[in-house]
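*Asks:* You'll find coords-v4.cif just under this line, and it carries mmCIF, C-alpha atoms.
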data_protein
#
loop_
_atom_site.label_atom_id
_atom_site.label_comp_id
_atom_site.auth_asym_id
_atom_site.auth_seq_id
_atom_site.Cartn_x
_atom_site.Cartn_y
_atom_site.Cartn_z
CA MET A 24 -57.58 -54.39 73.90
CA LEU A 25 -56.08 -52.27 71.24
CA LYS A 26 -54.65 -49.96 73.83
CA LYS A 27 -52.79 -52.83 75.38
CA VAL A 28 -51.63 -54.41 72.14
CA LEU A 29 -50.57 -51.30 70.30
CA PRO A 30 -47.77 -50.18 72.67
CA VAL A 31 -46.33 -53.68 72.71
CA VAL A 32 -46.21 -53.76 68.92
CA LEU A 33 -44.61 -50.34 68.77
CA MET A 34 -41.98 -51.28 71.29
CA GLY A 35 -41.20 -54.40 69.33
CA LEU A 36 -40.59 -52.37 66.21
CA MET A 37 -38.33 -49.86 67.99
CA SER A 38 -36.13 -52.45 69.60
CA SER A 39 -35.04 -54.21 66.33
CA ALA A 40 -31.66 -53.07 64.74
CA VAL A 41 -31.72 -50.96 61.58
CA ALA A 42 -28.88 -51.39 59.05
CA ALA A 43 -28.11 -49.96 55.65
CA GLU A 44 -25.33 -50.23 53.11
CA ILE A 45 -24.13 -47.08 51.48
CA PRO A 46 -22.10 -47.72 48.38
CA ILE A 47 -18.96 -45.77 47.51
CA VAL A 48 -18.28 -45.63 43.81
CA GLY A 49 -15.09 -44.53 42.16
CA THR A 50 -13.75 -44.70 38.66
CA VAL A 51 -10.10 -44.72 37.85
CA GLU A 52 -9.40 -43.24 34.49
CA SER A 53 -6.35 -44.50 32.81
CA LYS A 54 -3.52 -42.02 33.01
CA CYS A 55 -1.67 -43.72 30.20
CA VAL A 56 -3.34 -44.12 26.84
CA ILE A 57 -1.91 -45.98 23.86
CA THR A 58 -3.05 -45.08 20.39
CA THR A 59 -1.98 -46.44 17.05
CA ASP A 60 -0.87 -43.44 15.08
CA THR A 61 0.28 -45.17 11.90
CA GLN A 62 -0.18 -48.73 10.77
CA GLY A 63 2.91 -50.36 9.43
CA VAL A 64 3.46 -51.73 5.96
CA TYR A 65 6.16 -54.17 4.89
CA GLY A 66 8.11 -53.29 1.86
CA ASN A 67 9.68 -56.06 -0.22
CA PRO A 68 12.86 -54.54 -1.67
CA THR A 69 14.39 -57.98 -2.31
CA PRO A 70 12.64 -61.36 -2.51
CA SER A 71 14.22 -62.43 0.73
CA LYS A 72 13.49 -59.33 2.70
CA LEU A 73 10.44 -57.71 4.23
CA THR A 74 11.06 -54.39 5.94
CA THR A 75 9.28 -51.31 7.19
CA ASN A 76 12.10 -49.00 6.12
CA MET A 77 10.69 -46.11 4.14
CA SER A 78 13.59 -46.16 1.74
CA ASP A 79 12.64 -49.77 0.91
CA GLY A 80 8.99 -49.00 0.29
CA GLY A 81 7.80 -49.79 3.78
CA VAL A 82 5.98 -47.76 6.38
CA PRO A 83 7.10 -48.02 9.98
CA PRO A 84 4.29 -48.30 12.49
CA ILE A 85 4.02 -45.49 14.97
CA VAL A 86 2.39 -45.80 18.36
CA ARG A 87 1.56 -42.85 20.57
CA TYR A 88 1.69 -42.90 24.35
CA ASP A 89 -0.30 -40.20 26.14
CA VAL A 90 0.78 -39.92 29.73
CA ILE A 91 -1.14 -37.69 32.07
CA GLN A 92 0.81 -38.49 35.21
CA ALA A 93 4.57 -38.64 34.95
CA ASP A 94 6.77 -41.24 36.69
CA TYR A 95 3.93 -43.69 37.16
CA TYR A 96 4.22 -45.71 33.99
CA LYS A 97 6.67 -47.38 31.72
CA ALA A 98 6.27 -48.30 28.10
CA LEU A 99 6.96 -51.81 26.90
CA ILE A 100 7.14 -52.10 23.14
CA SER A 101 7.98 -55.36 21.45
CA HIS A 102 8.91 -55.54 17.82
CA PRO A 103 7.76 -58.66 15.94
CA GLU A 104 9.61 -61.95 16.08
CA THR A 105 7.06 -64.00 14.22
CA PHE A 106 4.41 -63.54 11.57
CA THR A 107 0.90 -63.70 12.87
CA GLU A 108 -0.19 -64.49 9.36
CA SER A 109 1.90 -65.80 6.51
CA PRO A 110 2.14 -68.60 3.99
CA ALA A 111 3.88 -71.73 5.08
CA LEU A 112 7.55 -71.04 5.61
CA GLY A 113 10.04 -73.86 5.59
CA ASP A 114 13.06 -71.93 6.66
CA VAL A 115 14.12 -69.69 9.48
CA VAL A 116 13.12 -66.06 9.47
CA ASN A 117 15.66 -63.71 10.94
CA TRP A 118 14.12 -60.75 12.67
CA VAL A 119 15.63 -57.36 13.37
CA GLY A 120 13.76 -54.58 15.04
CA LEU A 121 14.23 -51.21 16.64
CA VAL A 122 12.06 -48.93 18.72
CA GLU A 123 12.95 -45.25 18.79
CA VAL A 124 11.37 -41.96 19.70
CA ALA A 125 9.92 -40.36 16.58
CA GLU A 126 8.10 -37.35 17.96
CA VAL A 127 7.57 -35.68 21.31
CA SER A 128 5.37 -33.09 22.90
CA ASP A 129 8.12 -32.06 25.30
CA ALA A 130 11.76 -31.58 24.31
CA SER A 131 12.95 -33.49 27.41
CA MET A 132 11.33 -36.66 26.07
CA SER A 133 14.02 -36.96 23.42
CA ALA A 134 16.20 -38.34 26.23
CA TYR A 135 14.04 -41.49 26.26
CA ASP A 136 16.19 -42.88 23.45
CA ASN A 137 19.26 -42.66 25.66
CA ASP A 138 17.56 -44.13 28.73
CA LYS A 139 15.72 -47.08 27.19
CA ARG A 140 16.42 -50.68 28.17
CA LEU A 141 16.63 -53.40 25.57
CA TYR A 142 16.23 -57.11 26.11
CA ASN A 143 15.10 -59.76 23.64
CA ASN A 144 12.73 -57.96 21.34
CA VAL A 145 11.47 -55.66 24.04
CA THR A 146 12.23 -52.00 24.52
CA GLU A 147 11.40 -50.66 27.94
CA ILE A 148 11.20 -46.94 28.60
CA ASP A 149 10.28 -45.18 31.82
CA LEU A 150 7.75 -42.48 31.04
CA THR A 151 9.11 -39.78 33.32
CA ILE A 152 7.51 -36.81 31.60
CA ALA A 153 3.82 -36.11 31.13
CA GLY A 154 2.71 -35.58 27.60
CA SER A 155 2.60 -37.44 24.30
CA THR A 156 5.42 -39.49 22.85
CA TRP A 157 5.42 -41.12 19.45
CA PHE A 158 7.48 -44.31 19.11
CA LYS A 159 8.49 -45.58 15.73
CA VAL A 160 9.07 -49.32 15.29
CA THR A 161 11.17 -50.64 12.49
CA SER A 162 11.00 -54.30 11.67
CA THR A 163 12.94 -56.32 9.13
CA ALA A 164 12.52 -59.99 8.34
CA ASN A 165 15.03 -61.95 6.27
CA TYR A 166 14.09 -65.39 5.02
CA GLY A 167 16.71 -68.07 5.36
CA TYR A 168 19.96 -67.36 3.63
CA ASP A 169 18.92 -65.01 0.86
CA LYS A 170 15.86 -67.13 0.20
CA ALA A 171 12.77 -65.70 -1.46
CA PHE A 172 9.68 -65.34 0.57
CA PRO A 173 6.75 -67.34 -0.79
CA ALA A 174 3.98 -65.23 -2.27
CA GLY A 175 1.15 -64.42 0.04
CA GLN A 176 -0.09 -62.18 2.78
CA TYR A 177 2.30 -61.49 5.64
CA ARG A 178 1.22 -59.91 8.87
CA ALA A 179 3.14 -59.16 12.06
CA THR A 180 2.22 -57.37 15.24
CA VAL A 181 3.89 -54.79 17.44
CA GLN A 182 2.98 -55.13 21.07
CA ALA A 183 2.73 -51.91 23.05
CA GLU A 184 1.95 -51.87 26.75
CA CYS A 185 1.75 -49.23 29.43
CA ILE A 186 2.76 -50.74 32.75
CA ALA A 187 2.16 -48.97 36.03
CA ILE A 188 5.34 -48.78 38.09
CA MET B 15 -65.10 -21.79 23.52
CA ILE B 16 -62.27 -21.04 25.93
CA GLN B 17 -60.40 -24.09 24.68
CA LEU B 18 -60.78 -22.88 21.12
CA ARG B 19 -59.35 -19.53 22.09
CA HIS B 20 -56.43 -21.23 23.81
CA PHE B 21 -55.83 -23.28 20.69
CA TRP B 22 -55.73 -20.23 18.46
CA ALA B 23 -53.43 -18.46 20.91
CA VAL B 24 -50.97 -21.36 20.92
CA LEU B 25 -51.11 -21.60 17.15
CA ALA B 26 -50.46 -17.88 16.82
CA LEU B 27 -47.46 -18.10 19.14
CA LEU B 28 -46.00 -20.98 17.19
CA VAL B 29 -46.37 -19.16 13.92
CA CYS B 30 -45.06 -15.88 15.22
CA SER B 31 -41.97 -17.31 16.92
CA SER B 32 -38.97 -15.30 15.87
CA TYR B 33 -36.10 -16.85 13.99
CA SER B 34 -32.62 -15.72 14.94
CA TYR B 35 -29.56 -16.43 12.88
CA SER B 36 -26.01 -16.37 14.14
CA GLU B 37 -23.15 -18.45 12.95
CA GLU B 38 -20.10 -19.34 14.97
CA VAL B 39 -17.30 -20.14 12.61
CA TYR B 40 -14.36 -22.26 13.78
CA GLY B 41 -11.30 -22.63 11.67
CA THR B 42 -7.58 -23.33 11.47
CA SER B 43 -5.14 -21.11 9.71
CA PRO B 44 -2.70 -22.37 7.08
CA ASN B 45 0.89 -23.03 8.06
CA ALA B 46 2.26 -19.66 9.11
CA ALA B 47 5.86 -20.90 8.86
CA ALA B 48 5.49 -22.30 5.36
CA PHE B 49 7.79 -19.67 3.85
CA GLY B 50 10.22 -19.07 6.68
CA LEU B 51 10.69 -18.63 10.38
CA ASN B 52 9.05 -15.17 10.42
CA TRP B 53 5.50 -14.31 9.41
CA VAL B 54 2.93 -11.52 9.48
CA MET B 55 -0.42 -12.38 11.03
CA THR B 56 -2.47 -10.41 8.51
CA ASN B 57 -1.37 -12.99 5.95
CA VAL B 58 -2.27 -15.89 8.23
CA LEU B 59 -5.54 -15.11 10.00
CA PRO B 60 -8.72 -14.07 8.18
CA GLN B 61 -9.27 -10.39 8.79
CA GLN B 62 -12.67 -10.87 10.38
CA ALA B 63 -14.09 -8.49 12.97
CA GLY B 64 -14.49 -10.15 16.36
CA LEU B 65 -12.14 -13.03 15.55
CA THR B 66 -10.38 -14.65 18.51
CA VAL B 67 -7.56 -17.17 18.58
CA ASN B 68 -8.15 -20.16 20.85
CA GLY B 69 -4.97 -22.17 20.44
CA VAL B 70 -1.66 -22.57 18.68
CA VAL B 71 -0.31 -25.84 17.32
CA TYR B 72 3.27 -26.07 16.19
CA ARG B 73 5.69 -28.71 15.06
CA TYR B 74 9.30 -28.69 13.91
CA THR B 75 12.37 -30.91 13.86
CA ALA B 76 15.37 -29.79 15.86
CA VAL B 77 18.67 -30.66 14.24
CA LYS B 78 21.60 -30.42 16.63
CA ASP B 79 24.52 -32.09 18.28
CA PRO B 80 23.28 -33.94 21.38
CA ASP B 81 25.88 -32.21 23.55
CA SER B 82 25.25 -28.66 22.35
CA ASP B 83 22.92 -26.12 23.89
CA MET B 84 19.89 -24.93 22.03
CA ILE B 85 16.64 -23.25 22.93
CA VAL B 86 13.83 -22.71 20.44
CA TRP B 87 11.19 -20.01 20.94
CA VAL B 88 7.88 -20.01 19.10
CA GLN B 89 6.37 -16.59 19.67
CA ASN B 90 4.03 -13.80 18.60
CA GLU B 91 4.50 -10.15 19.43
CA ASN B 92 1.83 -8.18 21.28
CA ALA B 93 0.71 -5.65 18.68
CA ILE B 94 -0.96 -3.36 21.21
CA ASP B 95 0.89 -3.48 24.52
CA GLY B 96 4.37 -4.53 23.35
CA GLY B 97 6.22 -7.64 24.47
CA TYR B 98 4.77 -11.01 23.51
CA ILE B 99 1.20 -12.20 23.45
CA PHE B 100 2.33 -15.81 22.96
CA ARG B 101 5.68 -17.42 23.68
CA GLU B 102 6.60 -21.08 24.07
CA SER B 103 10.12 -22.35 24.61
CA ASP B 104 11.67 -25.76 24.08
CA ASP B 105 15.01 -26.40 25.73
CA TRP B 106 17.05 -28.92 23.73
CA SER B 107 20.28 -28.31 25.63
CA GLY B 108 22.16 -31.57 26.17
CA LEU B 109 19.48 -33.57 24.37
CA PRO B 110 19.44 -35.19 20.96
CA GLY B 111 17.37 -33.42 18.36
CA ASN B 112 13.93 -34.72 17.51
CA THR B 113 10.55 -33.72 16.14
CA ILE B 114 8.30 -31.94 18.58
CA THR B 115 4.57 -31.35 18.33
CA LYS B 116 2.82 -29.08 20.77
CA GLN B 117 -0.70 -27.85 21.15
CA VAL B 118 -1.00 -24.76 23.33
CA PRO B 119 -4.44 -23.42 24.28
CA VAL B 120 -4.73 -19.63 24.64
CA GLY B 121 -7.71 -17.89 26.14
CA SER B 122 -9.62 -16.49 23.14
CA ILE B 123 -7.28 -13.61 22.45
CA PRO B 124 -8.71 -11.06 19.98
CA ILE B 125 -7.06 -10.73 16.61
CA GLU B 126 -5.92 -7.15 17.27
CA TYR B 127 -3.32 -8.37 19.79
CA TRP B 128 -1.62 -10.84 17.47
CA GLY B 129 1.52 -9.24 16.09
CA ASP B 130 4.28 -10.70 13.96
CA GLY B 131 5.23 -14.30 14.68
CA SER B 132 8.58 -16.04 14.56
CA ILE B 133 10.56 -19.13 15.49
CA GLN B 134 13.74 -18.03 17.22
CA VAL B 135 16.70 -20.34 17.75
CA ASP B 136 19.24 -19.57 20.47
CA GLY B 137 22.35 -21.73 20.51
CA ASP B 138 23.88 -24.31 18.19
CA GLY B 139 21.37 -26.04 15.99
CA SER B 140 18.63 -25.42 13.49
CA VAL B 141 14.96 -26.00 12.92
CA THR B 142 13.57 -27.78 9.88
CA ASP B 143 10.07 -28.47 8.56
CA PRO B 144 8.34 -25.91 10.78
CA LEU B 145 4.59 -25.91 11.09
CA VAL B 146 2.62 -23.28 13.02
CA VAL B 147 -1.16 -23.09 12.81
CA TYR B 148 -3.68 -21.05 14.76
CA ASN B 149 -7.14 -22.23 15.82
CA TYR B 150 -9.66 -19.40 15.71
CA ARG B 151 -13.34 -18.64 15.92
CA TYR B 152 -15.53 -15.70 15.01
CA ASP B 153 -19.16 -14.75 14.79
CA SER B 154 -20.29 -13.97 11.30
CA CYS B 155 -22.86 -11.56 12.77
CA PHE B 156 -20.33 -9.64 14.86
CA GLN B 157 -20.99 -6.61 12.70
CA VAL B 158 -24.73 -6.04 12.44
CA THR B 159 -24.50 -4.29 9.10
CA THR B 160 -22.96 -7.16 7.15
CA ASP B 161 -25.60 -9.83 6.73
CA PRO B 162 -29.38 -9.27 6.47
CA LEU B 163 -29.95 -12.66 8.08
CA CYS B 164 -28.25 -11.57 11.28
CA PRO B 165 -30.40 -10.54 14.23
CA ASP B 166 -30.48 -6.80 14.95
CA TYR B 167 -29.43 -6.23 11.37
CA ILE B 168 -29.13 -2.53 10.58
CA PRO B 169 -29.54 -1.80 6.89
CA PRO B 170 -27.32 0.83 5.38
CA VAL B 171 -28.74 4.31 5.34
CA ASP B 172 -29.29 5.96 1.93
CA PRO B 173 -27.37 9.18 1.55
CA ILE B 174 -29.59 12.25 1.86
CA ASP B 175 -29.17 15.03 -0.68
CA ILE B 176 -28.84 18.30 1.15
CA ALA B 177 -28.57 21.56 -0.72
CA THR B 178 -25.48 23.27 0.50
CA GLU B 179 -24.14 26.71 -0.14
CA ASP B 180 -20.50 27.32 -0.40
CA PRO B 181 -19.70 30.28 1.87
CA LEU B 182 -16.82 31.16 -0.40
CA ASP B 183 -19.31 32.08 -3.10
CA ASP B 184 -20.72 34.90 -0.97
CA GLU B 185 -19.69 38.36 -2.22
CA TYR B 186 -19.13 39.83 1.20
CA VAL B 187 -17.01 36.86 2.23
CA LYS B 188 -14.97 37.21 -0.93
CA GLU B 189 -14.49 40.92 -0.33
CA GLN B 190 -13.29 40.34 3.21
CA LEU B 191 -10.96 37.61 2.09
CA GLU B 192 -9.45 39.85 -0.58
CA ARG B 193 -9.05 42.65 1.92
CA LYS B 194 -7.37 40.30 4.34
CA ALA B 195 -5.09 39.10 1.57
CA VAL B 196 -4.07 42.68 0.79
CA LEU B 197 -3.39 43.41 4.45
CA ASP B 198 -1.39 40.27 4.77
CA GLU B 199 0.60 41.25 1.72
CA GLU B 200 1.34 44.70 3.15
CA ASP B 201 2.36 43.18 6.46
CA GLU B 202 4.64 40.83 4.65
CA GLU B 203 6.27 43.67 2.75
CA ASP B 204 6.78 45.64 5.97
CA ARG B 205 8.30 42.66 7.58
CA LYS B 206 10.66 42.16 4.67
CA ARG B 207 11.60 45.82 4.66
CA ARG B 208 12.35 45.75 8.36
CA GLN B 209 14.30 42.62 7.91
CA LYS B 210 16.30 44.24 5.11
CA MET B 211 16.99 47.33 7.24
CA SER B 212 18.10 45.32 10.13
CA GLU B 213 20.34 43.35 7.81
CA GLU B 214 21.82 46.60 6.46
CA GLU B 215 22.37 47.87 9.97
CA ARG B 216 24.03 44.63 10.90
CA GLU B 217 26.16 44.98 7.78
CA ASP B 218 27.15 48.54 8.73
CA ARG B 219 28.07 47.51 12.22
CA ARG B 220 30.18 44.71 10.88
CA LEU B 221 31.88 47.12 8.52
CA GLU B 222 32.55 49.56 11.33
CA SER B 223 34.02 46.92 13.50
CA ILE B 224 36.25 45.78 10.64
CA LEU B 225 37.33 49.32 9.90
CA GLY B 226 37.88 49.91 13.56
CA ALA B 227 40.13 46.94 13.71
CA VAL B 228 42.02 48.11 10.64
CA ASN B 229 42.23 51.63 12.01
CA SER B 230 43.54 50.53 15.33
CA SER B 231 46.15 48.42 13.60
CA LEU B 232 47.12 51.40 11.44
CA LEU B 233 47.29 53.64 14.49
CA ALA B 234 49.43 51.14 16.15
CA VAL B 235 51.71 51.16 13.16
CA GLU B 236 51.70 54.98 13.09
CA SER B 237 52.49 55.25 16.77
CA LEU B 238 55.26 52.80 16.40
CA LYS B 239 56.64 54.88 13.58
CA LYS B 240 56.51 58.06 15.65
CA HIS B 241 58.06 56.39 18.58
CA SER B 242 60.91 55.24 16.44
CA GLU B 243 61.28 58.78 15.04
CA LEU B 244 61.44 60.17 18.54
CA LEU B 245 63.97 57.68 19.47
CA SER B 246 65.96 58.64 16.43
CA LEU B 247 65.86 62.28 17.59
CA ASN B 248 67.58 61.25 20.76
CA TYR B 249 70.15 59.55 18.81
CA ILE B 250 73.63 60.89 19.49
CA PRO B 251 76.15 59.93 16.86
CA VAL B 252 79.17 58.18 18.08
CA ASN B 253 81.47 60.67 16.49
CA TYR B 254 79.77 63.70 18.16
CA PHE B 255 82.37 63.86 20.83
CA ASP B 256 85.05 63.64 18.18
CA SER B 257 83.85 66.91 16.59
CA LEU B 258 84.12 68.92 19.84
CA PRO B 259 87.20 71.08 20.27
CA ASP B 260 89.62 70.41 22.99
CA PRO B 261 87.84 70.63 26.33
CA GLN B 262 88.27 74.09 27.95
CA GLN B 263 86.63 75.89 30.70
CA TYR B 264 84.23 78.54 29.64
CA GLY B 265 83.73 81.22 32.10
CA ASP B 266 80.62 83.37 32.59
CA ALA B 267 80.35 86.18 30.09
CA VAL B 268 78.34 88.45 32.37
CA VAL B 269 80.10 89.47 35.52
CA LEU B 270 78.41 91.48 38.26
CA LYS B 271 80.63 94.36 39.40
CA ASP B 272 79.39 94.27 42.99
CA SER B 273 77.33 91.94 45.06
CA ASN B 274 75.04 94.51 46.69
CA LEU B 275 71.75 95.38 45.15
CA PRO B 276 70.64 98.85 46.38
CA GLU B 277 67.09 99.49 47.41
CA ASN B 278 64.79 101.28 44.99
CA ARG B 279 63.21 104.16 46.83
CA LYS B 280 60.90 104.95 43.99
CA ALA B 281 59.42 101.48 44.23
CA ARG B 282 58.59 102.07 47.92
CA ARG B 283 56.00 104.60 47.03
CA GLN B 284 54.29 102.31 44.64
CA SER B 285 54.16 99.48 47.10
CA VAL B 286 52.76 101.62 49.93
CA SER B 287 49.97 102.98 47.75
CA GLN B 288 49.06 99.48 46.75
CA GLN B 289 48.96 98.48 50.37
CA LEU B 290 46.63 101.37 51.22
CA LEU B 291 44.28 100.45 48.42
CA HIS B 292 44.26 96.89 49.55
CA GLN B 293 43.39 97.92 53.07
CA GLU B 294 40.49 100.08 51.89
CA LEU B 295 39.07 97.18 49.99
CA VAL B 296 39.29 94.95 53.01
CA ASN B 297 37.58 97.51 55.24
CA LEU B 298 34.72 97.83 52.81
CA GLN B 299 33.41 94.42 53.78
CA TYR B 300 33.10 95.45 57.41
CA GLU B 301 31.24 98.70 56.72
CA LYS B 302 27.59 98.44 57.46
#
Is it possible to express this structure as structure tokens?

*Replies:*
Amino acid sequence: MLKKVLPVVLMGLMSSAVAAEIPIVGTVESKCVITTDTQGVYGNPTPSKLTTNMSDGGVPPIVRYDVIQADYYKALISHPETFTESPALGDVVNWVGLVEVAEVSDASMSAYDNDKRLYNNVTEIDLTIAGSTWFKVTSTANYGYDKAFPAGQYRATVQAECIAI
Amino acid sequence: MIQLRHFWAVLALLVCSSYSYSEEVYGTSPNAAAFGLNWVMTNVLPQQAGLTVNGVVYRYTAVKDPDSDMIVWVQNENAIDGGYIFRESDDWSGLPGNTITKQVPVGSIPIEYWGDGSIQVDGDGSVTDPLVVYNYRYDSCFQVTTDPLCPDYIPPVDPIDIATEDPLDDEYVKEQLERKAVLDEEDEEDRKRRQKMSEEEREDRRLESILGAVNSSLLAVESLKKHSELLSLNYIPVNYFDSLPDPQQYGDAVVLKDSNLPENRKARRQSVSQQLLHQELVNLQYEK
């Protein structure tokens, strides 16, 4: 009996389809890294003015872009147009900002300042050279028409992005 | 029993395990360019045996006209093979000036190779706020005689007092040296004497040649004088012909009476006898 049953069972097992899934795993490391090098501080040289200018007691924020692969990314840096934290303000705040190259790891990167594109409060720079670039952001806020800022904590944010192109 | 022995063996091994000490020291030099754009590495790196430099970090601000050409070199000379052991260039030509920060790894180059360093600027522009630092490492036990805690430490050897004799104190050596000194002195005197003689000979020869030159010039003068005297002897005064009497013909004072010269018969005899004598003499040579 077993001799008759066993071959049938074996044949049944051999005829069924065998399938497997082999995974492929990959990790993409970012080739563009943004690091805050220096936090900014607003100086208050006049009651109506908050500024990051060093001559006015401020500290400009500095952001560093580390690019491993050239010509694949662009930097988008936006200087502040509003306070993320502040006392209640009843008047308009006029914002002025500038993004410029502060330090480079390759002399050719100093041409970024000539090749940048400006629109609204955004500075766009094509990162065409691999290496590290430090961008300095200056921000100045004037309250109304020579109106004193109310006392309190004021906070603004610089937005820095690395966009793949 | 066996387990107890194993236990003691393990315990003994744990207790007797050797302790080795070796310290890798990593460090960063101070700013080599703090006092200028040229520096000496002995003032920058610690003079530690076995020290190697792993990397160089530098920073400076280039001040220039955006349209001008400028190249900045950060470099160190090769102290052993010549040329440069480290050289980085930054080309700022046609670019606005800016601050640059660079970190350059180098492959653990020993301290002996690191010669004088400098920041060299070619073109129109300048460099301000330079910073150049070197990352290094060394093993504090590189020399086994420095630290007792180092493995394979070799303690210093105490000096051994060995009784020595000065060979110059030996009498025979002294005697030979004195004798040699005397001989040397005599040789020196001979040499000086010979030198003096040869100088005197050279002096004599010089004198002779000078005198010869003088003599020949005097002879020349003398001969010229004689020649002029001889010429003066041939001198015929202009008025010589004026002192002669009127020209006349002077005839011969001696006049031969006849033109025939008679033969001398007496002389014939003498000539014949001479001829005979001559013939006898000639015949003598043919007589046997």

*Asks:* So what do you get for atom CA of A:Pro70 versus atom CA of A:Pro83, distance-wise?

*Replies:*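 Between atom CA of A:Pro70 and atom CA of A:Pro83 the gap works out to 19.1 Å.
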
*Asks:* I'd like the interatomic distance between atom CA of B:Gln62 and atom CA of B:Cys155, to a tenth of an Å.

*Replies:* 10.5 Å

*Asks:* Evaluating the PyMOL selection byres ((chain B and resi 67) around 7) on the displayed file yields which residues, as JSON, numbers by chain?

*Replies:* {"B": [65, 66, 68, 69, 122, 123, 124, 125, 148, 149, 150, 151]}

*Asks:* Which is closer to chain B than all the others in A:Pro84, A:Gly154, A:Gly49, A:Gly175, using only C-alpha atoms?

*Replies:* A:Gly154

*Asks:* Using the chain letters and numbers from this file, what does the PyMOL selection byres ((chain B and resi 99) around 9) select? Give the answer as a list in words.

*Replies:*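 Matching residues under the PyMOL selection byres ((chain B and resi 99) around 9) are Gln89, Asn90, Glu91, Asn92, Ala93, Asp95, Gly96, Gly97, Tyr98, Phe100, Arg101, Ile123, Tyr127, Trp128 and Gly129 of chain B.
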
*Asks:* When the PyMOL selection byres ((chain B) within 8 of (chain A)) is applied to the structure above, which residues does it catch, written out as an MDAnalysis selection string?

*Replies:* chainID B and resid 104:106 109:116

*Asks:* Mind pulling up the distance from atom CA of A:Val86 to atom CA of A:Thr151?

*Replies:*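 Separation of atom CA of A:Thr151 and atom CA of A:Val86: 17.5 Å.
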
*Asks:* Please list as a list of chain:residue names every residue within 10 Å of B:Gly50, counting only C-alpha atoms and excluding residues in the same chain fewer than 3 positions away.

*Replies:* B:Ala46, B:Ala47, B:Trp53, B:Ser132, B:Ile133, B:Thr142, B:Asp143, B:Pro144, B:Leu145

*Asks:* Need to verify the contact set: A:Thr105, 12 Å, only C-alpha atoms, exclusion of same-chain residues closer than 2 positions in sequence. Can you return it as a list of chain:residue names?

*Replies:* A:Ser101, A:His102, A:Pro103, A:Thr107, A:Glu108, A:Ser109, A:Leu112, A:Val115, A:Val116, A:Asn117, A:Trp118, A:Val119, A:Gly120, A:Asn144, A:Ser162, A:Thr163, A:Ala164, A:Asn165, A:Tyr166, A:Tyr177, A:Arg178, A:Ala179, A:Thr180, A:Val181, A:Gln182

*Asks:* Place a sphere of radius 6 Å on (8.7, -46.3, 17.7) in the file coordinates and name every protein, DNA or RNA residue with an atom inside or on its surface, counting all atoms listed in the file; give the answer as a list in words.

*Replies:*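 Residues close enough to count: Ile85, Val122, Glu123, Val124, Phe158, Lys159 and Val160 of chain A.
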
*Asks:* Compare B:Gln209, B:Asn229, B:Ser223, B:Gln61 by their minimum atom-to-atom distance to B:Ser154, counting only C-alpha atoms, and give me the closest one.

*Replies:*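 Using only C-alpha atoms, the shortest distance to B:Ser154 belongs to B:Gln61.
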
*Asks:* So, counting only C-alpha atoms, which residue among A:Ala111, A:Met77, A:Cys55, A:Cys185 is closest to A:Pro173?

*Replies:*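 Closest to A:Pro173, using only C-alpha atoms: A:Ala111.
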
*Asks:* Find, counting only C-alpha atoms, the residue in A:Asp89, A:Glu147, A:Asp94, A:Glu104 that gets nearest to A:Ser53.

*Replies:*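 Among A:Asp89, A:Glu147, A:Asp94, A:Glu104, it is A:Asp89 that comes nearest to A:Ser53.
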